[in-house]
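*Asks:* Attaching a single structure in structure tokens format; questions to follow.
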Amino acid sequence: MLVILPIVFLSCEESLEYNPESFIVTENFYKTEADCQLALKSIYSDLGSNNTFGESMSICWATGLDEAVMSRDKNAPIWTIARNEHTPASTSIENTWRILYRGINNANIFIERAPGAVVEDESVKEGMMAQARFLRAFYYLELVRAWGDIPLRTESVKGVNDNEIAKSSTADVYQFIIDELEAIATELPVAGETEYGRATQTAAYGLLARTYLSRAGYPNRILSDESYQKVIDNCDAVINSGKHDLLDSYKEVFLNLIENLNDPTEVIFDVQFSSLLDQGLKEAGKLGQLNGIENKTKNSDAGPYSYGFIYAGLPLINAYDQANDARFDWNIADWKVTKDKPVKQKNKYQWFPGKYRRGDRVLNEDGSYSIITLESGNKNTTGINFPILRYSDILLMKAEALNELGSTPAAIALLDQVRNRAGLPAIDAANVADKDAFRSELMDERMREFCFEGQRKHDLIRWGVYKEKLEAAKQDLIDAGAGAKLSWMYIWANSIEEKHTVLPIPLKEIDENKLMTQNVLWR
């Protein structure tokens, strides 16, 4: 239900940390610049909820795919989507829907009330307004990609009667996102010249590219050629800004996220976490704890503890040139930790994601291995930041759009930039000379580059191959020896239907919003 909620105000740290401290009535607020800064951080805070990128959308919803499978038969509510066993009554779906709309409502309140605040520099206020609109657009993009037709609310909820609102079409929601981001892009701060973690001009251009790419693909097919050209234009805006580039080392990108080293060179926008349970604060993520290298050593309460609830998918493992691709050793761990020692995992289908590792394996002089700690947060939470948009995505989104418009040679050059950073030579152009061959290679390249970053499901749906790829992943597991006793590892592929490409509208929303109807595929 789209209920009115109090604004969550946050501590004013140097970087954006999502730590709720108090609730303040909006009528008594928005008087000063300090009020507005505090309220703005409340809109950012919903990025870090357990029901968004703290756990659900970054980990649980990104599992049950060809790149990631569950490592145990765990039928908890938050994992129902990972098993494709969700229904309109699933609490995980309801909770994420609620938090995303809370972020939108807080943004609407800010947009309505912040103009009345007294500030010394009006340009500062304009920049904050632009950030609120950016975040509202971002939340809507997550909603429309997951649910399709959704309510489009551009004013804050004033009372119970405002809860009833009909859905807008997917096309209208995409157009709203595009209009918003195009209107405010130049009003946002410049990357590298503002507080780290803020929305920036290049983040807006990157999000526009993602929006147009999603709009052009399956099942939308909205103005596809025009949309692909817009992808190219917005990617060029990021590339030509001179503010971003690929880091020399793929590994360094994620070490920075793990160790809280804020570097905007490649990470254009991310979700900032801080594990502060010792201060009585509950905002922190689960990256590396749920989807890390298994480490249940008794003495690891201060890290690098990890449940290891996820295995890397066999199609992902097999997609790498394991001897030469530098991403393989970082993204995939063929070991786990037992009694503080790394232990080899025999079966390939039981290797772990390594991207957000809390501890790393190091070779000792005597030939043995030991573990060093990279992130030492609380046993059950971590301070590892989650990447939303990286520069390599800009390159590969542009490559995809160029290929779809028939400019495959130009697309190959962009693909090679990503490959070369990974230590691979330029691809043999003869193998990707036509549109279909390049698209097939791009599907694997995006998986190799962005595994465990929450992009794969959206990619598979956009390409129209979701069912095909999941069924192939199931067969890979069976062929590798994951037989009947391990059938829960591919339970998500047992009954794939078209309806699984979208989420059902939460049952509670339908019960309480008389204008709401269920998604057609879920009726």
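Just remember, in the structure tokens the first chain shown is A, the second B, etc., residues are 1-based per chain, and ligands are 1-based in the order shown.
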Check which residues of region 446-468 of chain A sit at most 10 Å from region 412-436 of chain A using only C-alpha atoms, and return one row each with the closest pair of atoms and their distance in Å to one decimal, ordered by chain and rising number, as a Markdown table.
*Replies:*
```
| residue | atom | partner | partner_atom | distance |
| --- | --- | --- | --- | --- |
| A:Arg446 | CA | A:Val418 | CA | 9.7 |
| A:Arg448 | CA | A:Ala422 | CA | 9.9 |
| A:Glu449 | CA | A:Val418 | CA | 8.2 |
```
*Asks:* Write the residues you've just listed into a file as a short mmCIF file (atom, residue, chain, number, x, y, z; two decimals), in the first residue's frame, and include N, CA and C atoms for each of them.
*Replies:*
```cif
data_model
loop_
_atom_site.label_atom_id
_atom_site.label_comp_id
_atom_site.auth_asym_id
_atom_site.auth_seq_id
_atom_site.Cartn_x
_atom_site.Cartn_y
_atom_site.Cartn_z
N ARG A 446 29.14 -9.53 -20.61
CA ARG A 446 28.49 -8.81 -19.51
C ARG A 446 28.42 -9.69 -18.26
N ARG A 448 30.63 -12.06 -17.45
CA ARG A 448 31.99 -12.12 -16.90
C ARG A 448 32.34 -10.84 -16.16
N GLU A 449 31.90 -9.71 -16.68
CA GLU A 449 32.27 -8.40 -16.11
C GLU A 449 31.40 -8.03 -14.92
#
```
*Asks:* Could you pull the residues within 8 Å of Asn291 (chain A), counting only C-alpha atoms, minus those fewer than 4 positions along the same chain, as a list in words?
*Replies:*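 After dropping sequence-adjacent residues, the list is Ile59, Lys286, Leu287, Ser306, Tyr307, Gly308, Phe309, Ile310, Tyr311, Phe352, Pro353 and Tyr356 of chain A.
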*Asks:* Could you write out the selected residues, including N, CA and C atoms, as a PDB file, in the first residue's frame?
*Replies:*
```pdb
ATOM      1  N   ILE A  59      21.388  -9.268  -3.638  1.00  0.00           N
ATOM      2  CA  ILE A  59      21.855 -10.639  -3.397  1.00  0.00           C
ATOM      3  C   ILE A  59      20.768 -11.662  -3.699  1.00  0.00           C
ATOM      4  N   LYS A 286      24.816  -6.871   3.395  1.00  0.00           N
ATOM      5  CA  LYS A 286      25.165  -8.280   3.557  1.00  0.00           C
ATOM      6  C   LYS A 286      26.137  -8.757   2.471  1.00  0.00           C
ATOM      7  N   LEU A 287      26.675  -7.824   1.673  1.00  0.00           N
ATOM      8  CA  LEU A 287      27.606  -8.216   0.622  1.00  0.00           C
ATOM      9  C   LEU A 287      28.810  -8.920   1.224  1.00  0.00           C
ATOM     10  N   SER A 306      31.408 -15.588   6.689  1.00  0.00           N
ATOM     11  CA  SER A 306      30.480 -15.620   5.560  1.00  0.00           C
ATOM     12  C   SER A 306      29.711 -16.927   5.572  1.00  0.00           C
ATOM     13  N   TYR A 307      28.396 -16.823   5.405  1.00  0.00           N
ATOM     14  CA  TYR A 307      27.573 -18.017   5.318  1.00  0.00           C
ATOM     15  C   TYR A 307      27.787 -18.758   4.002  1.00  0.00           C
ATOM     16  N   GLY A 308      28.152 -18.033   2.950  1.00  0.00           N
ATOM     17  CA  GLY A 308      28.329 -18.683   1.659  1.00  0.00           C
ATOM     18  C   GLY A 308      27.044 -19.298   1.148  1.00  0.00           C
ATOM     19  N   PHE A 309      25.952 -18.535   1.156  1.00  0.00           N
ATOM     20  CA  PHE A 309      24.647 -19.052   0.747  1.00  0.00           C
ATOM     21  C   PHE A 309      24.536 -19.222  -0.773  1.00  0.00           C
ATOM     22  N   ILE A 310      25.567 -18.795  -1.513  1.00  0.00           N
ATOM     23  CA  ILE A 310      25.471 -18.789  -2.974  1.00  0.00           C
ATOM     24  C   ILE A 310      26.693 -19.457  -3.590  1.00  0.00           C
ATOM     25  N   TYR A 311      26.451 -20.270  -4.608  1.00  0.00           N
ATOM     26  CA  TYR A 311      27.518 -20.803  -5.452  1.00  0.00           C
ATOM     27  C   TYR A 311      27.539 -20.027  -6.771  1.00  0.00           C
ATOM     28  N   PHE A 352      32.506 -20.689  -5.010  1.00  0.00           N
ATOM     29  CA  PHE A 352      31.821 -19.534  -4.426  1.00  0.00           C
ATOM     30  C   PHE A 352      32.091 -18.242  -5.189  1.00  0.00           C
ATOM     31  N   PRO A 353      31.172 -17.273  -5.090  1.00  0.00           N
ATOM     32  CA  PRO A 353      31.472 -15.926  -5.577  1.00  0.00           C
ATOM     33  C   PRO A 353      32.602 -15.307  -4.752  1.00  0.00           C
ATOM     34  N   TYR A 356      33.020 -10.013  -3.571  1.00  0.00           N
ATOM     35  CA  TYR A 356      32.922  -9.186  -2.358  1.00  0.00           C
ATOM     36  C   TYR A 356      33.566  -9.893  -1.164  1.00  0.00           C
TER      37      TYR A 356
END
```
*Asks:* Counting only C-alpha atoms, figure out which residue out of A:Gln131, A:Gln518, A:Thr96, A:Thr87 gets nearest to Cys36 (chain A).
*Replies:* A:Gln131
*Asks:* Quick one: of A:Ser56, A:Thr202, A:Ser49, A:Thr194, who's nearest to Leu181 (chain A), counting only C-alpha atoms?
*Replies:*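 Of all the options, A:Thr202 lies closest to Leu181 (chain A).
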*Asks:* Within 8 Å of Asn234 (chain A), counting only C-alpha atoms, which residues qualify if same-chain residues fewer than 6 places away don't, as a PyMOL selection string?
*Replies:* chain A and resi 205-206+208-209
*Asks:* Mind listing the strand (DSSP E or B) residues of region 29-188 of chain A, per DSSP on the backbone, as a VMD selection string?
*Replies:* chain A and resid 32 68 to 70 118 150 168
*Asks:* Take the residues that were just selected and, keeping N, CA and C atoms, output them as an mmCIF file, in the first residue's frame.
*Replies:*
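See selection10.cif below for the written result:
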```cif
data_model
loop_
_atom_site.group_PDB
_atom_site.id
_atom_site.type_symbol
_atom_site.label_atom_id
_atom_site.label_comp_id
_atom_site.auth_asym_id
_atom_site.auth_seq_id
_atom_site.Cartn_x
_atom_site.Cartn_y
_atom_site.Cartn_z
ATOM 1 N N THR A 32 15.838 25.448 6.590
ATOM 2 C CA THR A 32 17.213 25.877 6.335
ATOM 3 C C THR A 32 17.906 24.914 5.376
ATOM 4 N N ALA A 68 24.523 -17.465 -10.733
ATOM 5 C CA ALA A 68 24.511 -17.655 -9.285
ATOM 6 C C ALA A 68 23.354 -18.557 -8.876
ATOM 7 N N VAL A 69 23.652 -19.552 -8.024
ATOM 8 C CA VAL A 69 22.622 -20.464 -7.526
ATOM 9 C C VAL A 69 22.744 -20.563 -6.006
ATOM 10 N N MET A 70 21.691 -20.997 -5.360
ATOM 11 C CA MET A 70 21.731 -21.155 -3.911
ATOM 12 C C MET A 70 22.594 -22.356 -3.538
ATOM 13 N N VAL A 118 15.271 28.627 3.285
ATOM 14 C CA VAL A 118 16.142 29.800 3.149
ATOM 15 C C VAL A 118 17.585 29.329 3.075
ATOM 16 N N ILE A 150 3.089 0.219 -13.364
ATOM 17 C CA ILE A 150 3.069 0.538 -11.931
ATOM 18 C C ILE A 150 2.424 1.905 -11.720
ATOM 19 N N SER A 168 0.147 3.197 -14.235
ATOM 20 C CA SER A 168 0.492 3.817 -15.508
ATOM 21 C C SER A 168 1.166 2.771 -16.384
#
```
*Asks:* Leaving out Leu213 (chain A) and any residue of its chain fewer than 2 positions from it, which residues lie within 10 Å of it when counting only C-alpha atoms, given as a VMD selection string?
*Replies:* chain A and resid 207 to 211 215 to 218 221 to 222 224 227 to 232 397 to 398 400 to 401 459 462
*Asks:* Please report as a Markdown table every residue of region 271-364 of chain A lying within 7 Å of region 242-264 of chain A, along with the nearest atom pair and their distance in Å (one decimal), using only C-alpha atoms.
*Replies:*
```
| residue | atom | partner | partner_atom | distance |
| --- | --- | --- | --- | --- |
| A:Arg327 | CA | A:Tyr250 | CA | 6.6 |
| A:Trp330 | CA | A:Lys251 | CA | 6.4 |
| A:Lys355 | CA | A:Phe254 | CA | 6.8 |
| A:Tyr356 | CA | A:Ile258 | CA | 6.6 |
```
*Asks:* Please, could you write that set of residues out with N, CA and C atoms as a short mmCIF file (atom, residue, chain, number, x, y, z; two decimals), in the first residue's frame?
*Replies:*
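New file out-v9.cif:
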```
data_model
loop_
_atom_site.label_atom_id
_atom_site.label_comp_id
_atom_site.auth_asym_id
_atom_site.auth_seq_id
_atom_site.Cartn_x
_atom_site.Cartn_y
_atom_site.Cartn_z
N ARG A 327 39.73 -11.56 -14.32
CA ARG A 327 38.49 -11.49 -13.55
C ARG A 327 38.13 -12.83 -12.93
N TRP A 330 39.38 -13.47 -9.33
CA TRP A 330 38.74 -12.58 -8.35
C TRP A 330 37.27 -12.90 -8.16
N LYS A 355 33.76 -11.99 -5.50
CA LYS A 355 33.81 -10.55 -5.82
C LYS A 355 33.82 -9.68 -4.58
N TYR A 356 33.02 -10.01 -3.57
CA TYR A 356 32.92 -9.19 -2.36
C TYR A 356 33.57 -9.89 -1.16
#
```
*Asks:* Fewer than 4 positions away in the same chain doesn't count, so skip those; otherwise give me all residues within 12 Å of Lys296 (chain A), counting only C-alpha atoms, as a PyMOL selection string.
*Replies:* chain A and resi 289-290+292+300-309+336-342+359+379-380
*Asks:* Just to be explicit: take each residue in the selection above, keep N, CA and C atoms, and write the result as a short mmCIF file (atom, residue, chain, number, x, y, z; two decimals), in the first residue's frame.
*Replies:*
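Generated output (part-v1.cif):
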```
data_model
loop_
_atom_site.label_atom_id
_atom_site.label_comp_id
_atom_site.auth_asym_id
_atom_site.auth_seq_id
_atom_site.Cartn_x
_atom_site.Cartn_y
_atom_site.Cartn_z
N GLN A 289 28.83 -11.45 2.94
CA GLN A 289 28.41 -12.27 4.07
C GLN A 289 27.45 -13.37 3.61
N LEU A 290 26.45 -13.00 2.83
CA LEU A 290 25.56 -14.00 2.24
C LEU A 290 26.13 -14.55 0.94
N GLY A 292 29.41 -14.47 -0.21
CA GLY A 292 30.87 -14.49 -0.18
C GLY A 292 31.43 -15.90 -0.14
N SER A 300 35.79 -16.16 14.00
CA SER A 300 35.68 -15.14 12.97
C SER A 300 34.52 -14.19 13.21
N ASP A 301 34.08 -14.03 14.45
CA ASP A 301 32.94 -13.17 14.73
C ASP A 301 33.15 -11.74 14.25
N ALA A 302 34.39 -11.26 14.24
CA ALA A 302 34.66 -9.90 13.79
C ALA A 302 34.99 -9.84 12.31
N GLY A 303 34.72 -10.91 11.59
CA GLY A 303 35.05 -10.98 10.16
C GLY A 303 36.33 -11.76 9.99
N PRO A 304 36.52 -12.40 8.84
CA PRO A 304 35.66 -12.31 7.65
C PRO A 304 34.63 -13.44 7.56
N TYR A 305 33.68 -13.50 8.46
CA TYR A 305 32.65 -14.53 8.49
C TYR A 305 31.76 -14.43 7.25
N SER A 306 31.41 -15.59 6.69
CA SER A 306 30.48 -15.62 5.56
C SER A 306 29.71 -16.93 5.57
N TYR A 307 28.40 -16.82 5.40
CA TYR A 307 27.57 -18.02 5.32
C TYR A 307 27.79 -18.76 4.00
N GLY A 308 28.15 -18.03 2.95
CA GLY A 308 28.33 -18.68 1.66
C GLY A 308 27.04 -19.30 1.15
N PHE A 309 25.95 -18.54 1.16
CA PHE A 309 24.65 -19.05 0.75
C PHE A 309 24.54 -19.22 -0.77
N LYS A 336 36.98 -22.75 0.18
CA LYS A 336 36.28 -22.15 1.29
C LYS A 336 37.21 -22.18 2.50
N VAL A 337 36.77 -21.61 3.61
CA VAL A 337 37.61 -21.55 4.80
C VAL A 337 37.07 -22.50 5.87
N THR A 338 37.93 -23.38 6.33
CA THR A 338 37.60 -24.29 7.42
C THR A 338 38.70 -24.21 8.47
N LYS A 339 38.33 -23.88 9.70
CA LYS A 339 39.30 -23.74 10.79
C LYS A 339 40.43 -22.80 10.41
N ASP A 340 40.03 -21.65 9.85
CA ASP A 340 40.96 -20.57 9.48
C ASP A 340 41.91 -20.96 8.36
N LYS A 341 41.62 -22.03 7.63
CA LYS A 341 42.49 -22.46 6.55
C LYS A 341 41.68 -22.58 5.25
N PRO A 342 42.25 -22.16 4.13
CA PRO A 342 41.57 -22.35 2.85
C PRO A 342 41.55 -23.83 2.46
N GLY A 359 37.62 -11.88 3.24
CA GLY A 359 38.97 -12.34 3.52
C GLY A 359 39.56 -12.92 2.25
N LYS A 379 29.79 -9.79 12.36
CA LYS A 379 29.67 -11.15 11.82
C LYS A 379 28.56 -11.24 10.76
N ASN A 380 27.43 -10.59 11.00
CA ASN A 380 26.27 -10.74 10.13
C ASN A 380 26.04 -9.59 9.17
#
```
*Asks:* Could you check the closest approach to Leu396 (chain A) for each of A:Ile496, A:Leu47, A:Cys235, A:Leu470 and tell me which residue wins, using only C-alpha atoms?
*Replies:*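 Among the listed residues, the smallest separation from Leu396 (chain A) belongs to A:Cys235.
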*Asks:* Please run DSSP on the backbone and report, as a tab-separated table (two decimals) with C-alpha atoms, in the first residue's frame, all residues within region 353-426 of chain A that come out as alpha helix (DSSP H).
*Replies:*
```tsv
chain	number	residue	atom	x	y	z
A	391	TYR	CA	32.35	2.83	-16.46
A	392	SER	CA	32.73	-0.60	-18.04
A	393	ASP	CA	28.92	-0.72	-18.20
A	394	ILE	CA	28.97	2.54	-20.16
A	395	LEU	CA	31.32	0.94	-22.70
A	396	LEU	CA	29.28	-2.26	-23.03
A	397	MET	CA	25.90	-0.50	-23.16
A	398	LYS	CA	27.21	1.63	-26.01
A	399	ALA	CA	28.62	-1.48	-27.69
A	400	GLU	CA	25.24	-3.22	-27.45
A	401	ALA	CA	23.41	-0.25	-28.93
A	402	LEU	CA	25.92	0.16	-31.77
A	403	ASN	CA	25.59	-3.51	-32.66
A	404	GLU	CA	21.79	-3.37	-32.65
A	408	THR	CA	29.28	-3.97	-35.21
A	409	PRO	CA	32.94	-2.95	-35.97
A	410	ALA	CA	32.62	0.08	-33.67
A	411	ALA	CA	31.00	-2.14	-31.04
A	412	ILE	CA	33.93	-4.57	-31.18
A	413	ALA	CA	36.37	-1.77	-30.33
A	414	LEU	CA	34.45	-1.02	-27.12
A	415	LEU	CA	34.22	-4.69	-26.19
A	416	ASP	CA	37.99	-4.93	-26.62
A	417	GLN	CA	38.58	-2.14	-24.08
A	418	VAL	CA	36.86	-4.25	-21.42
A	419	ARG	CA	38.62	-7.43	-22.54
A	420	ASN	CA	42.05	-5.77	-22.61
A	421	ARG	CA	41.66	-4.52	-19.02
```
*Asks:* When you look at Met447 (chain A) with a cut-off of 10 Å (counting only C-alpha atoms), what residues show up, excluding the ones that are within fewer than 2 positions of it in the same chain? I need them as a list in words.
*Replies:*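 Returned residues: Asp66, Glu67, Pro315, Leu316, Ile317, Ala319, Tyr320, Leu442, Met443, Asp444, Glu445, Glu449, Phe450, Cys451, Phe452, Glu453, Gln455, Arg456 and Asp459 of chain A.
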*Asks:* Figure out the distance between CA of Arg136 (chain A) and CA of Ala117 (chain A), please, to one decimal in Å.
*Replies:*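 Rounded to one decimal, the two atoms are 20.2 Å apart.
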